[in-house]
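What's in protein-v5.json: JSON, C-alpha atoms
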```json
[["chain", "number", "residue", "atom", "x", "y", "z"],
["G", 137, "ARG", "CA", 78.53, 158.68, 12.89],
["G", 138, "ASN", "CA", 82.05, 157.34, 12.46],
["G", 139, "ARG", "CA", 82.59, 157.50, 16.20],
["G", 140, "VAL", "CA", 79.47, 155.40, 16.85],
["G", 141, "ARG", "CA", 80.51, 152.92, 14.20],
["G", 142, "ARG", "CA", 84.00, 152.69, 15.68],
["G", 143, "LYS", "CA", 82.57, 152.03, 19.18],
["G", 144, "LEU", "CA", 80.30, 149.32, 17.80],
["G", 145, "ASP", "CA", 83.27, 147.73, 16.03],
["G", 146, "GLU", "CA", 85.31, 147.87, 19.24],
["G", 147, "ARG", "CA", 82.49, 146.21, 21.21],
["G", 148, "ALA", "CA", 82.16, 143.51, 18.58],
["G", 149, "ALA", "CA", 85.91, 142.89, 18.68],
["G", 150, "ARG", "CA", 85.88, 142.62, 22.49],
["G", 151, "ARG", "CA", 82.89, 140.27, 22.33],
["G", 152, "GLU", "CA", 84.69, 138.08, 19.79],
["G", 153, "ALA", "CA", 87.84, 138.10, 21.92],
["G", 154, "ARG", "CA", 85.85, 136.98, 24.98],
["G", 155, "ALA", "CA", 84.15, 134.24, 22.98],
["G", 156, "GLU", "CA", 87.53, 133.10, 21.61],
["G", 157, "ALA", "CA", 89.01, 133.07, 25.12],
["G", 158, "LYS", "CA", 86.11, 130.94, 26.40],
["G", 159, "LEU", "CA", 86.54, 128.54, 23.52],
["G", 160, "ARG", "CA", 90.29, 128.24, 24.15],
["G", 161, "GLU", "CA", 89.62, 127.67, 27.85],
["G", 162, "ALA", "CA", 87.15, 124.90, 27.03],
["G", 163, "ALA", "CA", 89.59, 123.36, 24.54],
["G", 164, "ALA", "CA", 92.37, 123.42, 27.14],
["G", 165, "ALA", "CA", 90.28, 121.12, 29.33],
["G", 166, "PHE", "CA", 90.47, 118.46, 26.61],
["G", 167, "ALA", "CA", 94.13, 118.97, 25.67],
["G", 168, "TYR", "CA", 95.34, 116.04, 27.76],
["G", 169, "LEU", "CA", 93.34, 113.67, 25.56],
["G", 170, "GLY", "CA", 95.31, 114.64, 22.49],
["G", 171, "ALA", "CA", 98.48, 113.40, 24.14],
["G", 172, "SER", "CA", 96.86, 110.42, 25.83],
["G", 173, "LYS", "CA", 98.32, 107.08, 24.92],
["G", 174, "SER", "CA", 95.60, 105.29, 26.80],
["G", 175, "GLY", "CA", 92.54, 104.10, 24.96],
["G", 176, "THR", "CA", 90.82, 103.91, 28.33],
["G", 177, "ALA", "CA", 91.15, 107.67, 28.91],
["G", 178, "CYS", "CA", 89.72, 108.36, 25.46],
["G", 179, "GLU", "CA", 86.87, 105.90, 25.99],
["G", 180, "ARG", "CA", 85.98, 107.47, 29.34],
["G", 181, "PHE", "CA", 86.05, 110.93, 27.77],
["G", 182, "ALA", "CA", 83.73, 109.81, 24.95],
["G", 183, "LEU", "CA", 81.34, 108.26, 27.45],
["G", 184, "ARG", "CA", 81.40, 111.38, 29.61],
["G", 185, "LEU", "CA", 80.77, 113.47, 26.51],
["G", 186, "GLY", "CA", 77.78, 111.34, 25.52],
["G", 187, "ALA", "CA", 76.43, 111.46, 29.08],
["G", 188, "GLY", "CA", 76.51, 115.25, 28.97],
["G", 189, "LEU", "CA", 79.24, 115.73, 31.57],
["G", 190, "GLU", "CA", 81.86, 117.23, 29.25],
["G", 191, "SER", "CA", 79.63, 119.77, 27.51],
["G", 192, "THR", "CA", 79.95, 123.47, 28.11],
["G", 193, "ILE", "CA", 76.32, 123.30, 29.18],
["G", 194, "ILE", "CA", 75.95, 120.20, 31.33],
["G", 195, "GLY", "CA", 73.25, 118.00, 29.86],
["G", 196, "ASP", "CA", 73.49, 119.48, 26.34],
["G", 197, "LEU", "CA", 71.50, 117.34, 23.90],
["G", 198, "THR", "CA", 73.24, 118.22, 20.63],
["G", 199, "ILE", "CA", 76.09, 115.73, 21.00],
["G", 200, "ASN", "CA", 73.79, 112.71, 20.75],
["G", 201, "ARG", "CA", 72.70, 113.62, 17.22],
["G", 202, "GLN", "CA", 76.31, 114.22, 16.20],
["G", 203, "LEU", "CA", 77.25, 110.78, 17.55],
["G", 204, "LEU", "CA", 74.43, 109.23, 15.54],
["G", 205, "ASP", "CA", 75.67, 110.99, 12.39],
["G", 206, "LEU", "CA", 79.21, 109.75, 13.07],
["G", 207, "ARG", "CA", 77.91, 106.19, 13.52],
["G", 208, "GLU", "CA", 75.98, 106.36, 10.24],
["G", 209, "GLU", "CA", 79.10, 107.62, 8.43],
["G", 210, "GLY", "CA", 81.09, 104.74, 9.91],
["G", 211, "LEU", "CA", 78.51, 102.23, 8.71],
["G", 212, "ALA", "CA", 78.48, 103.83, 5.27],
["G", 213, "ALA", "CA", 82.28, 103.54, 5.16],
["G", 214, "GLY", "CA", 82.04, 99.79, 5.77],
["G", 215, "SER", "CA", 82.54, 99.49, 9.52],
["G", 216, "THR", "CA", 80.53, 96.90, 11.39],
["G", 217, "PRO", "CA", 79.42, 96.95, 15.02],
["G", 218, "ARG", "CA", 81.18, 93.65, 15.71],
["G", 219, "ARG", "CA", 84.62, 94.60, 14.40],
["G", 220, "GLY", "CA", 86.85, 97.41, 15.48],
["G", 221, "ARG", "CA", 86.52, 99.83, 18.36],
["G", 222, "LEU", "CA", 84.73, 102.86, 16.98],
["G", 223, "LEU", "CA", 81.16, 101.62, 16.51],
["G", 224, "PRO", "CA", 80.94, 99.80, 19.86],
["G", 225, "LEU", "CA", 82.30, 102.94, 21.53],
["G", 226, "LEU", "CA", 79.77, 105.14, 19.72],
["G", 227, "ASP", "CA", 76.96, 102.77, 20.70],
["G", 228, "ALA", "CA", 78.09, 102.80, 24.34],
["G", 229, "THR", "CA", 78.41, 106.58, 24.26],
["G", 230, "ARG", "CA", 74.91, 106.99, 22.90],
["G", 231, "ALA", "CA", 73.59, 104.51, 25.48],
["G", 232, "ALA", "CA", 75.22, 106.53, 28.27],
["G", 233, "GLY", "CA", 73.52, 109.63, 26.87],
["G", 234, "ARG", "CA", 70.12, 107.94, 26.76],
["G", 235, "LYS", "CA", 70.49, 106.62, 30.30],
["G", 236, "THR", "CA", 71.49, 109.96, 31.82],
["G", 237, "ARG", "CA", 68.80, 111.88, 29.95],
["G", 238, "ASP", "CA", 65.98, 109.43, 30.70],
["G", 239, "GLU", "CA", 62.99, 111.54, 31.67],
["G", 240, "THR", "CA", 61.62, 108.78, 33.93],
["G", 241, "LEU", "CA", 64.46, 109.63, 36.31],
["G", 242, "GLY", "CA", 62.70, 112.88, 37.14],
["G", 243, "ASP", "CA", 65.11, 115.41, 38.57],
["G", 244, "LEU", "CA", 68.01, 112.93, 38.28],
["G", 245, "SER", "CA", 67.83, 113.36, 34.50],
["G", 246, "ILE", "CA", 70.81, 115.39, 33.35],
["G", 247, "ALA", "CA", 68.59, 116.86, 30.60],
["G", 248, "ARG", "CA", 66.86, 118.92, 33.30],
["G", 249, "PHE", "CA", 70.14, 120.00, 34.89],
["G", 250, "ALA", "CA", 70.71, 123.12, 32.80],
["G", 251, "SER", "CA", 67.22, 124.53, 33.33],
["G", 252, "LYS", "CA", 66.86, 123.62, 37.01],
["G", 253, "GLN", "CA", 70.44, 123.94, 38.23],
["G", 254, "ALA", "CA", 69.75, 127.23, 40.01],
["G", 255, "SER", "CA", 66.86, 125.74, 41.99],
["G", 256, "PHE", "CA", 68.72, 122.53, 42.92],
["G", 257, "THR", "CA", 70.29, 122.17, 46.32],
["G", 258, "ALA", "CA", 73.93, 121.14, 46.47],
["G", 259, "ALA", "CA", 72.85, 117.58, 47.33],
["G", 260, "GLU", "CA", 70.51, 117.42, 44.32],
["G", 261, "ARG", "CA", 73.23, 118.71, 41.98],
["G", 262, "ALA", "CA", 75.67, 116.16, 43.40],
["G", 263, "ALA", "CA", 73.07, 113.37, 42.97],
["G", 264, "VAL", "CA", 72.49, 114.21, 39.29],
["G", 265, "LEU", "CA", 76.20, 114.35, 38.53],
["G", 266, "GLU", "CA", 76.93, 111.20, 40.54],
["G", 267, "HIS", "CA", 74.19, 109.34, 38.68],
["G", 268, "ALA", "CA", 75.70, 110.41, 35.35],
["G", 269, "ARG", "CA", 79.17, 109.35, 36.51],
["G", 270, "SER", "CA", 77.87, 105.95, 37.62],
["G", 271, "VAL", "CA", 76.23, 105.47, 34.21],
["G", 272, "VAL", "CA", 79.54, 106.33, 32.53],
["G", 273, "GLU", "CA", 81.39, 103.84, 34.72],
["G", 274, "ALA", "CA", 78.83, 101.09, 34.06],
["G", 275, "GLU", "CA", 79.00, 101.68, 30.30],
["G", 276, "HIS", "CA", 82.80, 101.62, 30.40],
["G", 277, "VAL", "CA", 82.77, 98.27, 32.23],
["G", 278, "ALA", "CA", 80.22, 96.90, 29.75],
["G", 279, "LEU", "CA", 82.33, 98.13, 26.83],
["G", 280, "GLY", "CA", 85.38, 96.34, 28.23],
["G", 281, "ALA", "CA", 83.40, 93.15, 28.79],
["G", 282, "GLU", "CA", 82.05, 93.27, 25.24],
["G", 283, "ARG", "CA", 85.56, 93.74, 23.87],
["G", 284, "ALA", "CA", 86.81, 90.78, 25.96],
["G", 285, "ALA", "CA", 83.94, 88.64, 24.69],
["G", 286, "ARG", "CA", 84.82, 89.50, 21.07],
["G", 287, "ARG", "CA", 88.46, 88.56, 21.71],
["G", 288, "ALA", "CA", 87.40, 85.33, 23.39],
["G", 289, "ALA", "CA", 85.10, 84.49, 20.48],
["G", 290, "ARG", "CA", 88.01, 84.85, 18.04],
["G", 291, "THR", "CA", 90.19, 82.63, 20.24],
["G", 292, "ILE", "CA", 87.45, 80.01, 20.54],
["G", 293, "GLU", "CA", 86.98, 80.08, 16.77],
["G", 294, "LYS", "CA", 90.72, 79.45, 16.26],
["G", 295, "LEU", "CA", 90.69, 76.59, 18.78],
["G", 296, "ARG", "CA", 87.72, 74.98, 17.03],
["G", 297, "ALA", "CA", 89.44, 75.27, 13.66],
["G", 298, "ASN", "CA", 92.58, 73.63, 15.08],
["G", 299, "ALA", "CA", 90.50, 70.83, 16.61],
["G", 300, "ALA", "CA", 88.73, 70.26, 13.29],
["G", 301, "ARG", "CA", 92.11, 70.03, 11.51],
["G", 302, "ARG", "CA", 93.35, 67.51, 14.08],
["G", 303, "VAL", "CA", 90.20, 65.40, 13.62],
["G", 304, "MET", "CA", 90.58, 65.45, 9.84],
["G", 305, "ALA", "CA", 94.26, 64.50, 10.12],
["G", 306, "ALA", "CA", 93.48, 61.63, 12.49],
["G", 307, "VAL", "CA", 90.68, 60.35, 10.23],
["G", 308, "ALA", "CA", 93.04, 60.57, 7.25],
["G", 309, "ARG", "CA", 95.50, 58.36, 9.16],
["G", 310, "GLY", "CA", 92.73, 55.76, 9.62],
["G", 311, "ALA", "CA", 91.44, 56.50, 13.11],
["G", 312, "PRO", "CA", 87.67, 56.24, 13.68],
["G", 313, "GLU", "CA", 86.05, 59.70, 13.55],
["G", 314, "ARG", "CA", 84.41, 59.35, 16.96],
["G", 315, "ARG", "CA", 87.71, 58.56, 18.63],
["G", 316, "ALA", "CA", 89.51, 61.31, 16.68],
["G", 317, "ARG", "CA", 86.92, 63.88, 17.90],
["G", 318, "ALA", "CA", 87.29, 62.70, 21.48],
["G", 319, "THR", "CA", 91.08, 63.06, 21.45],
["G", 320, "ALA", "CA", 91.09, 66.37, 19.51],
["G", 321, "ASN", "CA", 88.96, 68.14, 22.09]]
```
Let me see the file written as structure tokens.
Amino acid sequence: RNRVRRKLDERAARREARAEAKLREAAAAFAYLGASKSGTACERFALRLGAGLESTIIGDLTINRQLLDLREEGLAAGSTPRRGRLLPLLDATRAAGRKTRDETLGDLSIARFASKQASFTAAERAAVLEHARSVVEAEHVALGAERAARRAARTIEKLRANAARRVMAAVARGAPERRARATAN
């Protein structure tokens, strides 16, 4: 009885050690992001994660719900989608996930990848993964464009405020408002 129990304990310990080794191996793949000084590398990783490319099981659907929970916590903490980097990144990540898992894509949907991977040809596997990568790239470009537009909007707002101050100063000096507006802009 003790011998059987001991063997079962040894098997459980080996199983746990294998699971721990797999987890460490998976974590090692992401280690470079911890030392990354580039926001771009982190953004691309988040987009790849949302698209299902960085999961242990390619096409895993659990990350999308976790991203939604993280977004809701950010909103509850006072973040807004227009300010900062986190919420726009989460929105883009979730969009990448929706686009790669779209069932209207048929076999190009990464959601079907895990269940049909064995029956896919090498070309079909490559097509699914290439589609997901192209979605990630498109979302990354859109994220950068959105960030540039937000920066430009702040700059335009500052320029308008400066122009309004110049108009008010010119009017205070006795210039006609119409002429002051024309010269301020």
List the spatial neighbours of region 312-320 of chain G as an MDAnalysis selection string - criterion: any atom at most 8 Å away, all atoms listed in the file, same-chain residues fewer than 2 positions off excluded. chainID G and resid 299:300 302:303 306:307 310
List the residues sitting within 12 Å of (72.0, 109.3, 29.0) in the file's frame, using only C-alpha atoms, as a ChimeraX atom specification. /G:183-189,194-197,199-200,227-241,244-248,264-265,267-272,274-275
Suppose we keep C-alpha atoms; can you now write the selection as a PDB file, in the frame of the given file?
```
ATOM      1  CA  LEU G 183      81.340 108.260  27.450  1.00  0.00           C
ATOM      2  CA  ARG G 184      81.400 111.380  29.610  1.00  0.00           C
ATOM      3  CA  LEU G 185      80.770 113.470  26.510  1.00  0.00           C
ATOM      4  CA  GLY G 186      77.780 111.340  25.520  1.00  0.00           C
ATOM      5  CA  ALA G 187      76.430 111.460  29.080  1.00  0.00           C
ATOM      6  CA  GLY G 188      76.510 115.250  28.970  1.00  0.00           C
ATOM      7  CA  LEU G 189      79.240 115.730  31.570  1.00  0.00           C
ATOM      8  CA  ILE G 194      75.950 120.200  31.330  1.00  0.00           C
ATOM      9  CA  GLY G 195      73.250 118.000  29.860  1.00  0.00           C
ATOM     10  CA  ASP G 196      73.490 119.480  26.340  1.00  0.00           C
ATOM     11  CA  LEU G 197      71.500 117.340  23.900  1.00  0.00           C
ATOM     12  CA  ILE G 199      76.090 115.730  21.000  1.00  0.00           C
ATOM     13  CA  ASN G 200      73.790 112.710  20.750  1.00  0.00           C
ATOM     14  CA  ASP G 227      76.960 102.770  20.700  1.00  0.00           C
ATOM     15  CA  ALA G 228      78.090 102.800  24.340  1.00  0.00           C
ATOM     16  CA  THR G 229      78.410 106.580  24.260  1.00  0.00           C
ATOM     17  CA  ARG G 230      74.910 106.990  22.900  1.00  0.00           C
ATOM     18  CA  ALA G 231      73.590 104.510  25.480  1.00  0.00           C
ATOM     19  CA  ALA G 232      75.220 106.530  28.270  1.00  0.00           C
ATOM     20  CA  GLY G 233      73.520 109.630  26.870  1.00  0.00           C
ATOM     21  CA  ARG G 234      70.120 107.940  26.760  1.00  0.00           C
ATOM     22  CA  LYS G 235      70.490 106.620  30.300  1.00  0.00           C
ATOM     23  CA  THR G 236      71.490 109.960  31.820  1.00  0.00           C
ATOM     24  CA  ARG G 237      68.800 111.880  29.950  1.00  0.00           C
ATOM     25  CA  ASP G 238      65.980 109.430  30.700  1.00  0.00           C
ATOM     26  CA  GLU G 239      62.990 111.540  31.670  1.00  0.00           C
ATOM     27  CA  THR G 240      61.620 108.780  33.930  1.00  0.00           C
ATOM     28  CA  LEU G 241      64.460 109.630  36.310  1.00  0.00           C
ATOM     29  CA  LEU G 244      68.010 112.930  38.280  1.00  0.00           C
ATOM     30  CA  SER G 245      67.830 113.360  34.500  1.00  0.00           C
ATOM     31  CA  ILE G 246      70.810 115.390  33.350  1.00  0.00           C
ATOM     32  CA  ALA G 247      68.590 116.860  30.600  1.00  0.00           C
ATOM     33  CA  ARG G 248      66.860 118.920  33.300  1.00  0.00           C
ATOM     34  CA  VAL G 264      72.490 114.210  39.290  1.00  0.00           C
ATOM     35  CA  LEU G 265      76.200 114.350  38.530  1.00  0.00           C
ATOM     36  CA  HIS G 267      74.190 109.340  38.680  1.00  0.00           C
ATOM     37  CA  ALA G 268      75.700 110.410  35.350  1.00  0.00           C
ATOM     38  CA  ARG G 269      79.170 109.350  36.510  1.00  0.00           C
ATOM     39  CA  SER G 270      77.870 105.950  37.620  1.00  0.00           C
ATOM     40  CA  VAL G 271      76.230 105.470  34.210  1.00  0.00           C
ATOM     41  CA  VAL G 272      79.540 106.330  32.530  1.00  0.00           C
ATOM     42  CA  ALA G 274      78.830 101.090  34.060  1.00  0.00           C
ATOM     43  CA  GLU G 275      79.000 101.680  30.300  1.00  0.00           C
TER      44      GLU G 275
END
```
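The spacing separating CA of Glu179 (chain G) from CA of Ala258 (chain G) amounts to 28.6 Å.
CA of Glu208 (chain G) to CA of Cys178 (chain G) spans 20.6 Å [interatomic distance, one decimal].
With CA of Leu226 (chain G) on one side and CA of Ala289 (chain G) on the other, the separation reads 21.3 Å.
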